[in-house]
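The block underneath contains the structure these notes are about, expressed in structure tokens.
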Amino acid sequence: MAQMDFIQGEIFAIDKPYRMSSFGALARVRYLLSHRLNQHVKIGHAGTLDPLATGVLVLCTGRCTKQIESLQTHTKEYTATLQLGATTASYDMEHEVNQTFPYDHITRELIIDTLRKFEGDIDQIPPTYSACKVDGKRAYKYRRAGQNVELQPKHIHIDKIELTDFDTEKFLVSIRVVCGKGTYIRALARDIGRCLKSGAYLTTLRRTRVGEVSVENCIDLENFEVWMNDHIED
């Protein structure tokens with residue numbers, strides 16, 4: 001098995017677990033590497049995932065951390081499930097439902113037609129429960145302190161968005177999204193709900209690809225220590 005030099009620099013990817021922050025996952029990997037190599041390992045990630053999201057989290061060590069900015073521009077692919085007829089403050093299940101809307105008028109055809117409107121170059125307002133900065137402070141910190149915050153729209157690009165399933169009993173919509181840097185799938189769910197003249201929030205989100213790295217090529221965090229030991233010479 002090929003040996004890796006994590007001190008000099010390596011790029012690899014883990015499958016981030018549910019309910020763990022990207023920083024938490026990175027910190028766990030850094031601890032294991034630093035403990036195994038008996039020295040501090042410089043490490044960073046190329047694109048945050050929400051705690052309630054799972055999937056591809058690209059990690060860079062050593063000199064490869066200089067490539068993080070370019071890696072963040074790579075095309076990403078997600079699968080997501082949206083609950084129609086309601087919203088939450090964070091547009092996902094981190095918060096409880098705060099408003100309900102009619103949804104009986106929504107059909108499969110209406111969903112497909114609506115999704116097409118989001119392909120291409122669009123403007124998107126990021127979620128206020130996000131790491132976007134306002135006056136040097138993370139937006140979510142204002143919200144958690146009970147303060148309102150206004151974020152400006154950002155130009156994003158969605159290559160493709162398609163319907164993969166529609167549960168007409170529970171009004172759950174499953175989609176696949178191929179998009180560029182800076183796209184918030186939570187905000188996309190919000191906007192799709194509004195465009196359907198209803199509401200929507202995410203119940204699941206999984207990043208299945210970043211550039212050429214697919215989730216099938218990722219290392220499960222719980223198996224990272226075994227994988228690491230296989231790639232470091234004794």
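Following the order of the structure tokens, first chain is A, next is B, and so on, with residues numbered from 1 inside each chain and ligands from 1 in the order they appear.
Excluding range 16-27 of chain A itself and same-chain residues fewer than 5 positions from it, the residues having an atom within 8 Å of it are Ile43, Gly44, His45, Thr48, Leu49, Asp50, Pro51, Leu52, Ala53, Thr54, Gly55, Val56, Leu57, Leu59, Asp220 and Leu221 of chain A, counting only C-alpha atoms.
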Same residues, N, CA and C atoms, saved as a compact mmCIF listing (two decimals), in the first residue's frame:
```
# COMPACT_ATOMS: atom_id res chain seq x y z
N ILE A 43 -3.26 21.20 8.95
CA ILE A 43 -4.35 20.62 8.16
C ILE A 43 -5.49 21.63 8.00
N GLY A 44 -6.15 21.57 6.86
CA GLY A 44 -7.32 22.42 6.60
C GLY A 44 -8.30 21.67 5.71
N HIS A 45 -9.51 22.19 5.60
CA HIS A 45 -10.50 21.55 4.73
C HIS A 45 -10.90 22.49 3.59
N THR A 48 -16.72 23.89 3.81
CA THR A 48 -17.48 23.46 4.98
C THR A 48 -18.75 22.71 4.61
N LEU A 49 -19.09 21.72 5.43
CA LEU A 49 -20.38 21.04 5.38
C LEU A 49 -21.13 21.35 6.67
N ASP A 50 -22.43 21.59 6.59
CA ASP A 50 -23.23 21.81 7.79
C ASP A 50 -23.18 20.57 8.69
N PRO A 51 -23.35 20.75 10.00
CA PRO A 51 -23.36 19.59 10.90
C PRO A 51 -24.39 18.53 10.52
N LEU A 52 -25.54 18.94 10.00
CA LEU A 52 -26.58 17.97 9.66
C LEU A 52 -26.39 17.37 8.27
N ALA A 53 -25.34 17.78 7.57
CA ALA A 53 -25.03 17.21 6.25
C ALA A 53 -23.94 16.16 6.40
N THR A 54 -23.90 15.24 5.46
CA THR A 54 -22.85 14.21 5.43
C THR A 54 -22.15 14.28 4.08
N GLY A 55 -21.08 13.50 3.95
CA GLY A 55 -20.45 13.35 2.65
C GLY A 55 -19.05 13.89 2.53
N VAL A 56 -18.67 14.20 1.30
CA VAL A 56 -17.29 14.49 0.94
C VAL A 56 -16.76 15.75 1.63
N LEU A 57 -15.72 15.55 2.43
CA LEU A 57 -15.00 16.67 3.05
C LEU A 57 -13.53 16.48 2.69
N LEU A 59 -9.69 17.15 2.72
CA LEU A 59 -8.72 17.62 3.70
C LEU A 59 -7.34 17.74 3.05
N ASP A 220 -14.26 6.60 5.78
CA ASP A 220 -15.17 6.76 6.91
C ASP A 220 -14.36 7.24 8.12
N LEU A 221 -14.85 8.26 8.80
CA LEU A 221 -14.10 8.82 9.92
C LEU A 221 -13.81 7.76 10.99
```
Open item on the list: Taking 5 positions as the minimum chain separation for residues in the same chain, which residues sit within 6 Å of range 187-190 of chain A when counting only C-alpha atoms? Answer as a ChimeraX atom specification.
Closed with: /A:127,200-201
Residues as selected, C-alpha atoms, written as a compact mmCIF listing (two decimals), in the first residue's frame, can you do that?
```txt
# COMPACT_ATOMS: atom_id res chain seq x y z
CA PRO A 127 -28.98 31.55 5.14
CA ALA A 200 -39.68 23.91 2.14
CA TYR A 201 -36.77 22.91 4.34
```
Task: strand (DSSP E or B) call set, DSSP backbone run, range 138-191 of chain A, as a list in words - done: Arg138, Lys154, His155, Ile156, His157, Ile158, Asp159, Lys160, Ile161, Glu162, Leu163, Thr164, Asp165, Phe166, Asp167, Leu172, Val173, Ser174, Ile175, Arg176, Val177, Val178 and Cys179 of chain A
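Near Val226 in chain A, within 12 Å and counting only C-alpha atoms, sit Val29, Leu32, Leu33, Arg36, Ile219, Asp220, Leu221, Glu222, Asp230, His231 and Ile232 of chain A, not including residues fewer than 4 positions from it in the same chain.
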Task: DSSP alpha helix (DSSP H) residues within range 31-209 of chain A, listed as a ChimeraX atom specification - done: /A:31-37,68-71,108-116,139-144,185-195
- [ ] Figure out the distance between CA of Gln8 in chain A and CA of Lys66 in chain A, please, to one decimal in Å.
- [x] 11.8 Å
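Across the model, the gap from CA of Ile175 in chain A to CA of Thr79 in chain A is 5.8 Å.
Shell of Gly120 in chain A at 9 Å, with only C-alpha atoms counted and residues fewer than 6 places along the chain excluded, is Ile156, His157, Ile158, Asp159 and Lys160 of chain A.
Comparing the minimum interatomic distances between Thr61 in chain A and each of A:Glu212, A:Asp113, A:Glu96, A:Glu10, counting only C-alpha atoms, we find that A:Glu10 sits nearest.
Residues within 9 Å of Glu216 in chain A, counting only C-alpha atoms and excluding same-chain residues fewer than 6 positions away, are Asp15, Thr208 and Arg209 of chain A.
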